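Q: What follows is a structure written as C-alpha cells; I'll ask about it next.
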Amino acid sequence: MSVVDLYRDILPKTNCKECGFSTCLAFASMVVSEKHPLENCPHLDSETVGRCRKELEAQYAAGKWTRRDMAADALGWARERAASMKISDLPDRIGGELLRRDGEDTLKLPYFAGHIYINTQGIVNEDGEAPGRWEQVFIYNHMSQGGRSLPAGNWKALQEIPNTVSKIKSMQAHVEAPLAERFRGRTGELLTAGKALGGRDITGETPSANAALVFRPFPKVPVTLLFWDAEEDDAFDAKVKLLFDETITEHLDIESILFLSERLVQLLCGDEG
C-alpha cells in the first residue's frame, strides 16, 4: 500500500485537518513512511482500519515504503567494512596501544583529549558507553582507510584537497562560520576550549592569526584551526580556517573529513551531540 494507494482508495480526501496534518496526502505519507497510526483519521471505520493495518504491518516488517534509518544502515555498512581487520594490526596502521580487555585484543586509541576502546564487540569511550552512531561510522571508516603515513607537516585548506568541491560550502556554512560567530570577541575562550580538547596552542608560531591550535583527533590525523577576530572598526569580521595535513586522504575519506570538522565545532562549542 503506497502513499498514493492509501490516499486514493482509503482516506476521505477532505483535508479536514482533524488528524493533525494539513492534508490527507500528508497524513498518508506519515502513515506509510513513518508508521503513524492510521486510526488517527476520525473518518475511517474500525473495519477499514483493521483491514489496512494488517497490510501496513506486513510492509513495515518487510521495510517496504518506510523511511530507512540511515544512521543504522551506515553503521552496519561501516562495521562490515572493518570486520575483516585484525585488531592486533591496527596500532601499526593508525596508532594506539594494544591491550587485553574483556578477554580479547582491544585497541586503546587516542581520540581528541581522551581515548576510545575498539574490539570485535564494538567501540566504547572511557566511560564504557558507545559513541553516537554517526561517530562510530566515522571511527570505523578511519580504521578501514587509515594508512601508515605519518603527517608530513604540509597544511592544506579543504579546497586544496582533491574532490572536495561539493563540500566547500558545507565547510563554510557548518564549520567555519559557526566557529567565527561563537568566538567573535572571545579569543581567550577559544584557546581555553581548544586546550581542554587536547589542542596545542601555536599562536606564537602564527603571528598573522589571533589564535591558532593544532588538534590530534587521531594519532595520524592532525587538524589546525586558525582564528582571526573581528577588528574594532568592523572592517573585517571574525574568520576561521581549518587546515589539514596533506596526508589526510590516506586516513579519512572526504565525508569523514567533513564529519570530523563538524564534530570539532560541537566539542569546542560545548555541544556534545
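Here's how to read the names in the C-alpha cells: chain A, B, ... by the order shown, residue numbers from 1 in each chain, ligand numbers from 1 in the order shown.
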As a list in words, please: every residue in region 218-273 of chain A that DSSP puts in strand (DSSP E or B).
A: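 Written out, the strand (DSSP E or B) residues of region 218-273 of chain A are Phe218, Val221, Pro222, Val223, Thr224, Leu225, Leu226, Phe227, Trp228, Lys239, Val240, Lys241, Leu242, Leu243, Phe244 and Asp245 of chain A.
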Q: Could you make a table, as a Markdown table, of the residues of region 77-165 of chain A that have an atom within 9 Å of an atom of region 195-198 of chain A, each with its nearest atom pair and distance in Å to one decimal, counting only C-alpha atoms, in chain and number order?
A:
| residue | atom | partner | partner_atom | distance |
| --- | --- | --- | --- | --- |
| A:Phe112 | CA | A:Gly198 | CA | 5.8 |
| A:Ala113 | CA | A:Gly198 | CA | 4.4 |
| A:Gly114 | CA | A:Gly198 | CA | 8.2 |
Q: Can you write just those residues out, all heavy atoms, as a compact mmCIF listing (two decimals), in the first residue's frame?
A:
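Below is the file out-v7.txt, written as the result:
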# COMPACT_ATOMS: atom_id res chain seq x y z
N PHE A 112 40.93 12.86 20.34
CA PHE A 112 40.94 14.19 20.91
C PHE A 112 41.71 14.15 22.23
O PHE A 112 42.84 13.69 22.27
CB PHE A 112 39.53 14.74 21.06
CG PHE A 112 38.91 15.17 19.74
CD1 PHE A 112 37.94 14.39 19.12
CD2 PHE A 112 39.33 16.33 19.11
CE1 PHE A 112 37.40 14.79 17.89
CE2 PHE A 112 38.79 16.73 17.89
CZ PHE A 112 37.83 15.95 17.29
N ALA A 113 41.09 14.59 23.35
CA ALA A 113 41.83 14.66 24.62
C ALA A 113 41.73 13.37 25.42
O ALA A 113 42.33 13.26 26.49
CB ALA A 113 41.32 15.83 25.46
N GLY A 114 40.97 12.39 24.93
CA GLY A 114 40.77 11.16 25.67
C GLY A 114 41.17 9.93 24.86
O GLY A 114 42.09 9.99 24.04
Q: Hey, could you make a per-residue contact list for region 32-94 of chain A against region 136-159 of chain A with 9 Å as the cut-off, showing the nearest pair of atoms and its distance in Å to one decimal, counting only C-alpha atoms, sorted by chain and number, as CSV?
A:
residue,atom,partner,partner_atom,distance
A:Ala71,CA,A:Val137,CA,8.3
A:Ala74,CA,A:Val137,CA,6.6
A:Leu75,CA,A:Val137,CA,5.2
A:Gly76,CA,A:Val137,CA,8.5
A:Trp77,CA,A:Val137,CA,8.4
A:Ala78,CA,A:Val137,CA,5.6
A:Arg79,CA,A:Tyr140,CA,6.4
A:Arg81,CA,A:Ser144,CA,6.7
A:Ala82,CA,A:Ser144,CA,5.3
A:Ala83,CA,A:Ser144,CA,8.9
A:Met85,CA,A:Ser144,CA,7.7
A:Leu90,CA,A:Met143,CA,7.4
A:Asp92,CA,A:Arg148,CA,7.0
A:Arg93,CA,A:Arg148,CA,4.7
A:Ile94,CA,A:Gly146,CA,5.8
Q: Near region 257-260 of chain A, counting only C-alpha atoms, which residues have an atom at most 10 Å away, once you skip same-chain residues fewer than 2 positions from it, shown as a ChimeraX atom specification?
A: /A:134-135,137-139,158,164,167-168,170-171,174-175,217,221,223,244,248-249,251-255,262-266
Q: Among region 105-182 of chain A, which residues does DSSP mark as alpha helix (DSSP H) when it is run on the backbone? Keep the chain and numbering as in the structure and answer as a PyMOL selection string.
A: chain A and resi 133-145+168-171+177-182
Q: Which residues come within 9 Å of region 180-190 of chain A, counting only C-alpha atoms, excluding same-chain residues fewer than 2 positions away, as a list in words?
A: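 Near neighbours after the sequence-gap exclusion: Val175, Glu176, Ala177, Pro178, Thr192, Ala193, Gly194, Lys195, Asn210, Ala211, Phe227, Trp228, Asp229, Ala230, Asp237, Ala238, Lys239, Val240, Leu268 and Cys269 of chain A.
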Q: Which polymer residues have any atom within 10 Å of an atom of Phe27 (chain A), counting only C-alpha atoms, with same-chain residues fewer than 2 positions away left out, as a PyMOL selection string?
A: chain A and resi 3+6-7+11+15+17+19-25+29-32+36-38+40-41
Q: Smallest atom-to-atom distance to Thr247 (chain A): which of A:Ala235, A:Ile161, A:Leu226, A:Ile202, using only C-alpha atoms?
A: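 Closest to Thr247 (chain A), using only C-alpha atoms: A:Ile161.
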Q: Of the residues A:Pro42, A:Pro131, A:Gly199, A:Gly95, which is the one nearest to Arg216 (chain A), using only C-alpha atoms?
A: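 Closest to Arg216 (chain A), using only C-alpha atoms: A:Gly199.
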Q: Which is closest to Lys13 (chain A) among A:Gly122, A:Asp102, A:Leu44, A:Arg200, if we use only C-alpha atoms?
A: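 Closest residue, counting only C-alpha atoms: A:Leu44.
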Q: Could you state the separation of CA of Gly204 (chain A) and CA of Leu179 (chain A) in Å, given to one decimal place?
A: 20.7 Å
